[in-house]
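Next up, start10.cif (mmCIF, C-alpha atoms):
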```cif
data_target
loop_
_atom_site.label_atom_id
_atom_site.label_comp_id
_atom_site.auth_asym_id
_atom_site.auth_seq_id
_atom_site.Cartn_x
_atom_site.Cartn_y
_atom_site.Cartn_z
CA MET P 46 64.83 -8.05 -83.89
CA SER P 47 64.59 -5.17 -86.37
CA THR P 48 61.15 -5.18 -88.00
CA LEU P 49 59.51 -3.57 -91.02
CA LEU P 50 55.72 -3.19 -90.97
CA VAL P 51 54.15 -3.08 -94.44
CA ILE P 52 50.71 -1.57 -93.92
CA ASN P 53 47.81 -1.40 -96.37
CA ALA P 54 46.77 2.06 -95.17
CA THR P 55 47.83 5.68 -95.37
CA ILE P 56 48.90 7.17 -92.06
CA LYS P 57 47.60 10.72 -91.95
CA PRO P 58 49.69 13.35 -90.17
CA ASP P 59 46.96 14.15 -87.65
CA MET P 60 46.15 10.53 -86.77
CA ALA P 61 48.22 10.36 -83.58
CA THR P 62 46.74 13.65 -82.38
CA ALA P 63 43.18 12.45 -83.04
CA ILE P 64 43.86 9.24 -81.11
CA ALA P 65 45.35 11.16 -78.18
CA ARG P 66 42.27 13.39 -78.08
CA GLY P 67 39.99 10.36 -77.95
CA GLU P 68 38.46 11.14 -81.34
CA ARG P 69 39.26 7.73 -82.83
CA PRO P 70 40.41 4.28 -81.64
CA ARG P 71 44.03 3.29 -81.43
CA LYS P 72 45.42 1.63 -84.57
CA ASP P 73 46.97 -1.81 -84.44
CA TYR P 74 49.92 -0.90 -86.65
CA LEU P 75 50.86 2.11 -84.52
CA GLU P 76 50.74 -0.04 -81.40
CA LEU P 77 52.84 -2.69 -83.15
CA GLN P 78 55.32 -0.01 -84.15
CA ARG P 79 55.71 0.98 -80.50
CA ALA P 80 55.93 -2.59 -79.25
CA LEU P 81 58.57 -3.60 -81.79
CA ASP P 82 60.31 -0.26 -82.29
CA ALA P 83 59.55 -0.93 -85.94
CA THR P 84 59.58 1.04 -89.18
CA ILE P 85 56.31 1.49 -91.07
CA LEU P 86 56.01 1.38 -94.85
CA ASP P 87 52.50 2.63 -95.62
CA LEU P 88 50.72 3.40 -98.89
CA ALA P 89 51.92 6.99 -98.80
CA SER P 90 55.48 5.69 -99.16
CA VAL P 91 54.62 4.36 -102.61
CA GLU P 92 53.80 7.88 -103.77
CA GLN P 93 57.19 9.23 -102.70
CA HIS P 94 59.17 7.54 -105.51
CA ARG P 95 58.73 7.96 -109.22
CA TRP P 96 59.53 4.31 -110.01
CA THR P 97 56.94 3.00 -107.52
CA ARG P 98 54.31 5.38 -108.91
CA VAL P 99 54.99 3.98 -112.38
CA LEU P 100 54.89 0.41 -111.05
CA LYS P 101 51.60 1.16 -109.32
CA ARG P 102 50.05 2.33 -112.59
CA VAL P 103 51.32 -0.75 -114.43
CA GLY P 104 50.80 -3.53 -111.88
CA GLY P 105 48.73 -2.11 -109.02
CA THR P 106 49.36 -0.85 -105.52
CA GLY P 107 50.20 -4.28 -104.08
CA LEU P 108 53.02 -4.87 -106.53
CA ALA P 109 54.45 -1.39 -106.04
CA GLN P 110 54.36 -1.63 -102.25
CA ALA P 111 55.85 -5.14 -102.29
CA ALA P 112 58.69 -3.98 -104.55
CA LEU P 113 59.46 -1.06 -102.26
CA ALA P 114 59.30 -3.33 -99.22
CA TRP P 115 61.75 -5.69 -100.93
CA ARG P 116 64.19 -2.79 -101.42
CA TRP P 117 63.91 -1.82 -97.77
CA SER P 118 63.74 -5.28 -96.23
CA SER P 119 67.43 -6.16 -96.62
CA GLN P 120 68.01 -3.97 -93.55
CA TYR P 121 65.58 -5.90 -91.33
CA ASP P 122 65.37 -9.22 -89.52
CA ALA P 123 61.59 -9.55 -89.98
CA VAL P 124 58.87 -8.13 -92.18
CA PHE P 125 55.19 -8.06 -91.24
CA VAL P 126 52.60 -7.48 -93.99
CA ASP P 127 48.90 -6.98 -93.21
CA GLN P 128 47.61 -8.06 -96.63
CA GLU P 129 48.12 -11.46 -98.27
CA THR P 130 48.60 -10.41 -101.90
CA THR P 131 51.26 -7.82 -101.12
CA GLY P 132 52.95 -10.21 -98.71
CA THR P 133 53.05 -13.08 -101.19
CA ILE P 134 54.53 -10.87 -103.92
CA LEU P 135 57.19 -9.78 -101.42
CA GLY P 136 57.83 -13.43 -100.60
CA ALA P 137 58.33 -14.24 -104.28
CA LEU P 138 60.78 -11.34 -104.63
CA ASN P 139 62.69 -12.60 -101.59
CA ARG P 140 63.67 -15.67 -103.61
CA LEU P 141 66.09 -13.39 -105.43
CA ARG P 142 68.05 -13.00 -102.19
CA ARG P 143 70.46 -15.41 -100.59
CA ARG P 144 69.41 -14.23 -97.13
CA ARG P 145 65.87 -13.10 -96.52
CA PRO P 146 64.12 -11.71 -93.44
CA ARG P 147 61.43 -13.63 -91.60
CA LEU P 148 58.08 -13.02 -93.33
CA VAL P 149 54.88 -12.85 -91.28
CA MET P 150 51.63 -11.80 -92.91
CA ILE P 151 47.92 -11.56 -92.26
CA ALA P 152 45.54 -13.24 -94.72
CA HIS P 153 41.95 -12.03 -94.77
CA LEU P 154 40.43 -13.96 -97.69
CA LEU P 155 42.09 -16.98 -99.31
CA THR P 156 39.15 -18.80 -100.87
CA PRO P 157 38.46 -17.05 -104.24
CA THR P 158 39.69 -19.30 -107.05
CA LYS P 159 41.70 -16.63 -108.90
CA LYS P 160 43.42 -15.52 -105.71
CA ARG P 161 44.27 -19.12 -104.75
CA MET P 162 45.80 -19.65 -108.18
CA LEU P 163 47.89 -16.48 -107.84
CA LEU P 164 49.08 -17.32 -104.33
CA ARG P 165 50.02 -20.87 -105.36
CA PHE P 166 51.83 -19.55 -108.45
CA LEU P 167 53.80 -17.10 -106.32
CA GLY P 168 54.73 -19.89 -103.92
CA MET P 169 53.14 -18.61 -100.72
CA ARG P 170 53.73 -21.89 -98.89
CA HIS P 171 57.46 -21.79 -99.66
CA THR P 172 58.11 -18.16 -98.74
CA THR P 173 55.85 -17.48 -95.73
CA ASP P 174 57.18 -18.20 -92.26
CA CYS P 175 53.95 -17.42 -90.44
CA LEU P 176 50.51 -16.80 -91.93
CA ILE P 177 48.03 -15.22 -89.53
CA VAL P 178 44.32 -15.82 -90.17
CA HIS P 179 41.34 -14.61 -88.17
CA SER P 180 38.81 -17.39 -88.76
CA THR P 181 38.61 -21.17 -88.94
CA PRO P 182 37.46 -21.32 -92.62
CA GLN P 183 40.47 -19.27 -93.71
CA ARG P 184 42.79 -21.51 -91.69
CA GLU P 185 41.32 -24.52 -93.46
CA ALA P 186 41.77 -22.80 -96.83
CA ALA P 187 45.43 -22.08 -96.08
CA VAL P 188 46.18 -25.68 -95.19
CA THR P 189 43.86 -27.52 -97.59
CA HIS P 190 43.89 -25.37 -100.72
CA LEU P 191 47.24 -23.61 -100.52
CA GLY P 192 49.28 -26.42 -99.01
CA LEU P 193 50.73 -24.56 -96.04
CA LYS P 194 51.84 -26.73 -93.14
CA PRO P 195 49.69 -26.42 -90.00
CA GLU P 196 52.67 -25.04 -88.11
CA GLN P 197 52.94 -22.21 -90.66
CA VAL P 198 49.44 -20.95 -89.85
CA SER P 199 48.36 -19.08 -86.72
CA LEU P 200 44.66 -18.78 -85.97
CA LEU P 201 44.68 -15.45 -84.20
CA PRO P 202 41.53 -13.51 -83.26
CA TYR P 203 40.90 -10.01 -84.54
CA GLN P 204 40.83 -7.05 -82.18
CA THR P 205 39.17 -3.85 -81.11
CA ASP P 206 40.20 -1.00 -78.84
CA PRO P 207 38.24 -1.32 -75.56
CA LEU P 208 39.60 2.02 -74.34
CA PHE P 209 37.75 3.84 -77.12
CA TRP P 210 34.79 1.50 -77.60
CA THR P 211 33.50 1.56 -74.05
CA SER P 212 30.00 1.71 -72.63
CA ARG P 213 28.36 4.94 -71.54
CA SER P 214 26.37 5.49 -68.37
CA HIS P 215 23.26 6.97 -69.98
CA ALA P 216 20.32 4.73 -70.85
CA PRO P 217 19.90 3.67 -74.50
CA LYS P 218 17.08 4.94 -76.68
CA ARG P 219 14.41 2.82 -78.37
CA GLN P 220 16.95 2.21 -81.13
CA ILE P 221 19.06 -0.51 -82.70
CA CYS P 222 21.92 0.05 -85.11
CA SER P 223 24.21 -1.56 -87.66
CA ALA P 224 27.45 -0.44 -89.26
CA GLY P 225 29.91 -1.23 -92.04
CA LEU P 226 29.81 -2.16 -95.73
CA GLU P 227 31.81 -5.35 -96.19
CA TYR P 228 29.41 -8.06 -97.44
CA ARG P 229 26.49 -6.35 -95.66
CA ASP P 230 22.95 -7.47 -96.44
CA TYR P 231 21.04 -4.38 -95.46
CA ASP P 232 18.09 -5.27 -97.66
CA THR P 233 17.28 -8.14 -95.30
CA LEU P 234 17.67 -5.91 -92.25
CA VAL P 235 15.37 -3.27 -93.72
CA GLU P 236 12.73 -5.88 -94.50
CA ALA P 237 13.05 -7.43 -91.04
CA ALA P 238 12.72 -4.06 -89.28
CA ARG P 239 9.90 -2.71 -91.43
CA ASP P 240 7.16 -1.22 -89.22
CA LEU P 241 8.72 -2.46 -85.98
CA ASP P 242 8.38 -0.16 -83.00
CA VAL P 243 12.07 0.69 -82.94
CA ALA P 244 14.31 3.18 -84.72
CA VAL P 245 17.03 1.64 -86.89
CA THR P 246 20.27 3.48 -87.65
CA ILE P 247 22.51 2.06 -90.40
CA ALA P 248 25.98 3.58 -90.49
CA ALA P 249 26.79 2.40 -94.01
CA ALA P 250 30.43 3.39 -94.25
CA SER P 251 33.80 1.64 -94.12
CA HIS P 252 37.46 2.63 -94.27
CA TRP P 253 38.31 -0.63 -96.05
CA SER P 254 35.39 -2.00 -98.03
CA ARG P 255 34.74 -1.32 -101.70
CA HIS P 256 31.20 -2.64 -101.47
CA GLU P 257 28.14 -0.45 -101.76
CA ALA P 258 25.27 -0.31 -99.29
CA GLY P 259 22.69 -0.51 -102.09
CA LEU P 260 20.17 1.47 -100.06
CA GLY P 261 18.21 4.38 -101.49
CA SER P 262 15.88 6.60 -99.52
CA ASP P 263 12.99 5.39 -101.66
CA LYS P 264 13.44 1.86 -100.24
CA LEU P 265 13.49 2.81 -96.58
CA PRO P 266 10.55 2.59 -94.17
CA GLY P 267 10.01 5.49 -91.82
CA ASN P 268 11.80 3.89 -88.87
CA VAL P 269 15.08 3.31 -90.78
CA ARG P 270 17.74 5.89 -91.55
CA VAL P 271 21.10 5.54 -93.29
CA VAL P 272 23.92 7.80 -92.12
CA SER P 273 27.68 8.25 -92.43
CA LEU P 274 29.35 8.65 -89.05
CA ASP P 275 32.86 9.36 -87.83
CA TYR P 276 34.29 7.21 -85.05
CA ALA P 277 33.03 9.35 -82.19
CA ALA P 278 29.51 9.59 -83.63
CA LEU P 279 29.45 5.84 -84.28
CA ARG P 280 30.38 5.26 -80.65
CA GLU P 281 27.41 7.38 -79.63
CA ALA P 282 25.15 5.42 -81.99
CA TYR P 283 26.25 2.18 -80.34
CA ALA P 284 25.74 3.68 -76.88
CA ASP P 285 22.23 4.89 -77.78
CA SER P 286 21.23 1.47 -79.13
CA LEU P 287 19.62 -1.41 -77.27
CA PHE P 288 21.69 -3.89 -79.29
CA VAL P 289 23.51 -4.16 -82.63
CA VAL P 290 22.53 -6.11 -85.76
CA VAL P 291 25.12 -7.30 -88.30
CA PRO P 292 23.32 -8.66 -91.42
CA LEU P 293 25.71 -10.41 -93.79
CA HIS P 294 25.81 -12.10 -97.16
CA ASP P 295 26.85 -15.74 -96.84
CA ALA P 296 30.57 -15.26 -97.44
CA ASP P 297 33.34 -17.48 -96.08
CA ASN P 298 35.53 -14.71 -94.72
CA GLN P 299 35.06 -13.00 -91.38
CA ALA P 300 33.04 -10.06 -92.72
CA GLY P 301 31.38 -8.06 -89.97
CA ILE P 302 34.00 -8.80 -87.33
CA THR P 303 34.93 -5.15 -86.74
CA THR P 304 31.35 -4.14 -85.98
CA ILE P 305 30.77 -7.26 -83.88
CA LEU P 306 33.79 -6.59 -81.68
CA GLU P 307 33.06 -2.88 -81.37
CA ALA P 308 29.50 -3.69 -80.28
CA MET P 309 30.72 -6.24 -77.73
CA ALA P 310 33.23 -3.74 -76.36
CA MET P 311 30.36 -1.26 -75.96
CA GLY P 312 28.49 -3.86 -73.91
CA LYS P 313 25.89 -4.56 -76.58
CA ALA P 314 24.33 -7.86 -77.60
CA VAL P 315 24.74 -8.71 -81.28
CA VAL P 316 22.40 -10.34 -83.78
CA VAL P 317 24.56 -11.76 -86.57
CA SER P 318 24.01 -13.66 -89.81
CA HIS P 319 25.52 -17.11 -89.28
CA THR P 320 27.57 -17.21 -92.45
CA ARG P 321 30.21 -19.70 -93.52
CA GLY P 322 32.93 -17.36 -92.30
CA GLN P 323 31.34 -15.89 -89.18
CA THR P 324 31.45 -18.82 -86.77
CA ASP P 325 34.18 -18.22 -84.20
CA VAL P 326 33.31 -15.21 -82.04
CA VAL P 327 29.61 -14.95 -81.22
CA ARG P 328 28.23 -17.49 -78.75
CA ASP P 329 24.52 -18.31 -79.12
CA ARG P 330 22.56 -20.14 -76.41
CA ARG P 331 21.29 -22.62 -79.03
CA HIS P 332 23.53 -25.61 -79.64
CA LEU P 333 22.68 -26.13 -83.32
CA SER P 334 22.53 -23.69 -86.21
CA ARG P 335 19.25 -23.58 -88.05
CA THR P 336 21.21 -22.85 -91.19
CA ASN P 337 23.54 -25.80 -90.96
CA PRO P 338 23.89 -28.20 -88.01
CA LEU P 339 27.62 -28.42 -88.72
CA ARG P 340 28.12 -24.73 -87.98
CA THR P 341 28.90 -24.36 -84.31
CA THR P 342 26.94 -21.81 -82.30
CA GLN P 343 29.08 -22.17 -79.18
CA PRO P 344 32.69 -21.77 -80.32
CA GLU P 345 35.56 -22.55 -77.97
CA TRP P 346 37.80 -19.64 -78.88
CA ALA P 347 37.36 -17.94 -75.53
CA ARG P 348 38.56 -21.06 -73.68
CA LEU P 349 41.50 -21.49 -76.03
CA LEU P 350 42.50 -17.90 -75.41
CA GLY P 351 42.39 -18.33 -71.65
CA ALA P 352 39.16 -16.52 -70.72
CA SER P 353 37.62 -17.15 -67.34
CA ASP P 354 35.06 -19.93 -67.18
CA MET P 355 32.18 -17.49 -66.75
CA THR P 356 33.25 -15.54 -69.82
CA ALA P 357 33.87 -18.66 -71.90
CA ARG P 358 30.38 -19.96 -71.15
CA GLY P 359 28.62 -16.61 -71.57
CA HIS P 360 26.27 -16.03 -74.49
CA THR P 361 26.97 -12.87 -76.45
CA GLY P 362 24.37 -12.80 -79.21
CA ILE P 363 21.98 -14.55 -81.54
CA TYR P 364 22.80 -16.18 -84.87
CA VAL P 365 20.22 -16.02 -87.65
CA ARG P 366 20.11 -17.58 -91.10
CA PRO P 367 21.52 -15.41 -93.87
CA TYR P 368 18.84 -13.77 -96.06
CA ASP P 369 16.03 -14.83 -93.68
CA ALA P 370 14.17 -11.62 -92.86
CA ASP P 371 11.54 -13.46 -90.80
CA GLU P 372 14.09 -15.09 -88.50
CA LEU P 373 15.98 -11.81 -88.17
CA ARG P 374 12.75 -10.05 -87.27
CA ARG P 375 12.01 -12.68 -84.61
CA ALA P 376 15.47 -12.24 -83.09
CA ILE P 377 15.12 -8.46 -83.01
CA THR P 378 11.64 -8.75 -81.49
CA PHE P 379 12.86 -11.21 -78.85
CA LEU P 380 15.59 -8.86 -77.62
CA LEU P 381 13.23 -5.88 -77.69
CA GLN P 382 10.80 -7.84 -75.51
CA HIS P 383 13.55 -9.20 -73.24
CA PRO P 384 15.94 -6.31 -72.55
CA GLU P 385 17.41 -8.22 -69.61
CA GLN P 386 18.66 -10.87 -72.05
CA ALA P 387 20.21 -8.20 -74.27
CA ALA P 388 21.89 -6.63 -71.24
CA MET P 389 23.28 -10.00 -70.11
CA MET P 390 24.68 -10.76 -73.56
CA GLY P 391 26.19 -7.28 -73.76
CA ALA P 392 27.93 -7.68 -70.40
CA ASN P 393 29.29 -11.07 -71.48
CA GLY P 394 30.58 -9.52 -74.71
CA ARG P 395 32.39 -6.75 -72.86
CA ARG P 396 34.11 -9.29 -70.61
CA LEU P 397 35.13 -11.32 -73.66
CA ILE P 398 36.83 -8.30 -75.20
CA GLU P 399 38.53 -7.31 -71.95
CA GLU P 400 39.87 -10.81 -71.32
CA THR P 401 40.79 -12.06 -74.80
CA MET P 402 40.22 -9.83 -77.84
CA GLY P 403 41.34 -6.31 -77.02
CA LEU P 404 43.89 -4.45 -79.09
CA ASP P 405 46.67 -5.05 -76.57
CA HIS P 406 46.08 -8.83 -76.75
CA PHE P 407 46.36 -8.64 -80.53
CA VAL P 408 49.58 -6.63 -80.43
CA GLU P 409 51.24 -9.06 -78.02
CA ARG P 410 50.19 -12.07 -80.11
CA VAL P 411 51.42 -10.59 -83.38
CA THR P 412 54.64 -9.44 -81.72
CA ALA P 413 55.22 -12.97 -80.43
CA ALA P 414 54.55 -14.42 -83.91
CA ILE P 415 57.10 -12.06 -85.43
CA ARG P 416 59.67 -12.90 -82.77
CA ARG P 417 58.98 -16.67 -82.92
CA GLU P 418 57.87 -16.71 -79.30
CA GLN P 419 55.60 -19.75 -78.94
CA PRO P 420 54.16 -20.14 -75.42
CA ALA P 421 53.33 -23.66 -74.31
CA LEU P 422 49.68 -24.65 -74.32
CA THR P 423 48.21 -25.90 -71.08
CA SER P 424 46.68 -29.36 -71.18
CA ALA P 425 43.20 -27.83 -70.93
CA MET P 426 43.83 -25.67 -73.98
CA THR P 427 45.29 -28.58 -75.89
CA ASP P 428 42.24 -30.71 -75.08
CA ALA P 429 39.95 -27.89 -76.22
CA ALA P 430 41.86 -27.54 -79.47
CA CYS P 431 41.48 -31.26 -80.12
CA ALA P 432 37.77 -31.08 -79.29
CA VAL P 433 37.18 -28.50 -82.04
CA GLY P 434 39.41 -30.33 -84.50
CA SER P 435 42.17 -27.74 -84.59
CA GLU P 436 45.30 -28.95 -86.37
CA VAL P 437 46.89 -25.54 -86.31
CA GLU P 438 48.87 -23.67 -83.72
CA VAL P 439 46.44 -21.71 -81.57
CA ALA P 440 47.97 -18.30 -81.81
CA LEU P 441 49.60 -17.37 -78.57
CA PRO P 442 46.91 -17.82 -75.91
CA TYR P 443 47.21 -15.88 -72.70
CA ALA P 444 45.09 -16.02 -69.55
CA ARG P 445 45.11 -12.23 -69.26
CA ARG P 446 47.27 -9.70 -71.01
#
```
Could you render the structure as structure tokens?
Amino acid sequence: MSTLLVINATIKPDMATAIARGERPRKDYLELQRALDATILDLASVEQHRWTRVLKRVGGTGLAQAALAWRWSSQYDAVFVDQETTGTILGALNRLRRRRPRLVMIAHLLTPTKKRMLLRFLGMRHTTDCLIVHSTPQREAAVTHLGLKPEQVSLLPYQTDPLFWTSRSHAPKRQICSAGLEYRDYDTLVEAARDLDVAVTIAAASHWSRHEAGLGSDKLPGNVRVVSLDYAALREAYADSLFVVVPLHDADNQAGITTILEAMAMGKAVVVSHTRGQTDVVRDRRHLSRTNPLRTTQPEWARLLGASDMTARGHTGIYVRPYDADELRRAITFLLQHPEQAAMMGANGRRLIEETMGLDHFVERVTAAIRREQPALTSAMTDAACAVGSEVEVALPYARR
């Protein structure tokens, strides 16, 4: 099956070299390109044509990239798009064709009212063959608000590269860290960590987010520092830390997931704001959320994805209420006072990544979605899906990949 990958990123000429040198993690779209022998249309392609540059100025990057993808896509059997707006515009343009390629896309955030109106207007449910989402709330939004059929939606976990994000042998420092910008609530973390006997490193940078950290040096206590780190330096910050904290605003998308998975891959426990969108990955030892009893603290994703029983039952972190500095401080203090608990959670997290949520798992699942390969669920997986109320195809579970 000939495949076109439409990627919301610019592939720099030295990227492959940097990955080979171990200076940065592998990229999902490059691994997909290898697995599918696919062609990539990245953002740099938009700049190579005068008409797409004009279209970008008039209607935005998504429109320009979708139009270029439409021109190219007649040569392909399938098109994969890693951003819902661009993919839906491409789907609308495909209506102008008698024969169209299979369209598979990832949707990150479907709940904003204006975006829902746009996606409904463009007819996403009529033009999308497979919509991949990374969290339960976004799956529910796709089915309930956008009218997609359950069989059109694949609930597929996000990924990280466990070959790059891997634990180091040296002992950590008296330090904790956080990273990222997307929907981060660093004000609450700073307040929670104020005057604690631990250094706090905040790597407030992101390759994707347009949000601001909102932290000035005048606000910071002496034990907190804000830095900008490249991938290798961030890996060292994780390695030097006792555990990782991911403070979030109460959004309904899966903000924070990249940092959470990187921390787990590094063998670190995570303390995470239990937001509306961050409910599927971290497993807390408590059965009920203090924020909302309806928010599960022991998700069944690991079982659905075929993890071993020990991994599926293992606790990987602590959920705290969003915006609650006191509860966050108590969670941080607990792990500082019980390093054996932090170590246990970190080991469980590493196993979870190795068994179910590594980059290679993600590539195989997306490849299968593009090729329409739907493996049969075992009865145990089907029962687990029913237990958590899943109406949607559980995206391509494997016992070990």
Task: Result set, the PyMOL selection byres ((chain P and resi 279) around 12) on current file, as a count of residues only - done: 35
TODO: I would like the residues chosen by the PyMOL selection byres ((chain P and resi 50) around 8) on the shown file; could you give them as a count of residues only?
DONE: 13
Open item on the list: Neighbouring residues of region 238-243 of chain P were defined as those with any atom within 7 Å, considering only C-alpha atoms; residues of the same chain fewer than 5 positions away were excluded. Please report them as a PyMOL selection string.
Closed with: chain P and resi 219-220+266+268+374
Write a file of the selected residues as a PDB file, in the coordinates of the input, keeping C-alpha atoms.
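So out14.pdb came out as:
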```
ATOM      1  CA  ARG P 219      14.410   2.820 -78.370  1.00  0.00           C
ATOM      2  CA  GLN P 220      16.950   2.210 -81.130  1.00  0.00           C
ATOM      3  CA  PRO P 266      10.550   2.590 -94.170  1.00  0.00           C
ATOM      4  CA  ASN P 268      11.800   3.890 -88.870  1.00  0.00           C
ATOM      5  CA  ARG P 374      12.750 -10.050 -87.270  1.00  0.00           C
TER       6      ARG P 374
END
```
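Residues surrounding region 54-56 of chain P within 9 Å are Met60, Asp87, Leu88, Ala89, Ser90 and Trp253 of chain P [all atoms listed in the file; sequence separation below 4 positions excluded].
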Could you dump the residues just selected with C-alpha atoms as a compact mmCIF listing (two decimals), in the frame of the given file?
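Output (out.txt):
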```txt
# COMPACT_ATOMS: atom_id res chain seq x y z
CA MET P 60 46.15 10.53 -86.77
CA ASP P 87 52.50 2.63 -95.62
CA LEU P 88 50.72 3.40 -98.89
CA ALA P 89 51.92 6.99 -98.80
CA SER P 90 55.48 5.69 -99.16
CA TRP P 253 38.31 -0.63 -96.05
```
- [ ] Step by step, work through what the PyMOL selection byres ((chain P and resi 201) around 10) selects in the shown file, and finish by giving those residues as a ChimeraX atom specification.
- [x] /P:151,176-181,184,198-200,202-204,346,350,402,407,410-411,414,438-442
Task: Selection near Met169 (chain P), 8 Å with all atoms listed in the file, sequence-local residues under 6 positions removed, as number ranges by chain - done: P: 133, 136-137, 191, 193
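If you look at CA of Ala300 (chain P) and CA of Thr320 (chain P), they are 9.0 Å away from each other.
Between CA of Pro292 (chain P) and CA of Ala370 (chain P) the separation is 9.7 Å.
Taking only C-alpha atoms into account, Thr361 (chain P) lies nearest to P:Asn393 out of the set P:Asn139, P:Thr131, P:Thr172, P:Asn393.
In this structure, CA of Thr233 (chain P) sits 24.5 Å away from CA of Ala388 (chain P).
Candidate residues P:Gln386, P:Arg143, P:Asn53, P:Glu76 were compared for distance to Glu129 (chain P), and the nearest is P:Asn53, using all atoms listed in the file.
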N, CA and C atoms for region 190-201 of chain P, written as an mmCIF file, keeping the file's coordinate frame, could you do that?
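File written: out-v8.cif
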```
data_model
loop_
_atom_site.group_PDB
_atom_site.id
_atom_site.type_symbol
_atom_site.label_atom_id
_atom_site.label_comp_id
_atom_site.auth_asym_id
_atom_site.auth_seq_id
_atom_site.Cartn_x
_atom_site.Cartn_y
_atom_site.Cartn_z
ATOM 1 N N HIS P 190 43.839 -25.825 -99.328
ATOM 2 C CA HIS P 190 43.890 -25.370 -100.720
ATOM 3 C C HIS P 190 45.239 -24.796 -101.127
ATOM 4 N N LEU P 191 45.968 -24.229 -100.173
ATOM 5 C CA LEU P 191 47.240 -23.610 -100.520
ATOM 6 C C LEU P 191 48.439 -24.431 -100.091
ATOM 7 N N GLY P 192 48.207 -25.488 -99.340
ATOM 8 C CA GLY P 192 49.280 -26.420 -99.010
ATOM 9 C C GLY P 192 50.234 -25.958 -97.933
ATOM 10 N N LEU P 193 49.865 -24.949 -97.142
ATOM 11 C CA LEU P 193 50.730 -24.560 -96.040
ATOM 12 C C LEU P 193 50.694 -25.631 -94.959
ATOM 13 N N LYS P 194 51.789 -25.799 -94.253
ATOM 14 C CA LYS P 194 51.840 -26.730 -93.140
ATOM 15 C C LYS P 194 51.081 -26.129 -91.959
ATOM 16 N N PRO P 195 50.422 -26.968 -91.155
ATOM 17 C CA PRO P 195 49.690 -26.420 -90.000
ATOM 18 C C PRO P 195 50.539 -25.518 -89.122
ATOM 19 N N GLU P 196 51.819 -25.861 -88.973
ATOM 20 C CA GLU P 196 52.670 -25.040 -88.110
ATOM 21 C C GLU P 196 53.020 -23.696 -88.729
ATOM 22 N N GLN P 197 52.731 -23.512 -90.025
ATOM 23 C CA GLN P 197 52.940 -22.210 -90.660
ATOM 24 C C GLN P 197 51.788 -21.240 -90.420
ATOM 25 N N VAL P 198 50.666 -21.742 -89.939
ATOM 26 C CA VAL P 198 49.440 -20.950 -89.850
ATOM 27 C C VAL P 198 49.066 -20.703 -88.403
ATOM 28 N N SER P 199 48.810 -19.451 -88.063
ATOM 29 C CA SER P 199 48.360 -19.080 -86.720
ATOM 30 C C SER P 199 46.931 -18.562 -86.792
ATOM 31 N N LEU P 200 46.045 -19.218 -86.075
ATOM 32 C CA LEU P 200 44.660 -18.780 -85.970
ATOM 33 C C LEU P 200 44.584 -17.789 -84.826
ATOM 34 N N LEU P 201 44.521 -16.526 -85.176
ATOM 35 C CA LEU P 201 44.680 -15.450 -84.200
ATOM 36 C C LEU P 201 43.473 -14.524 -84.284
#
```
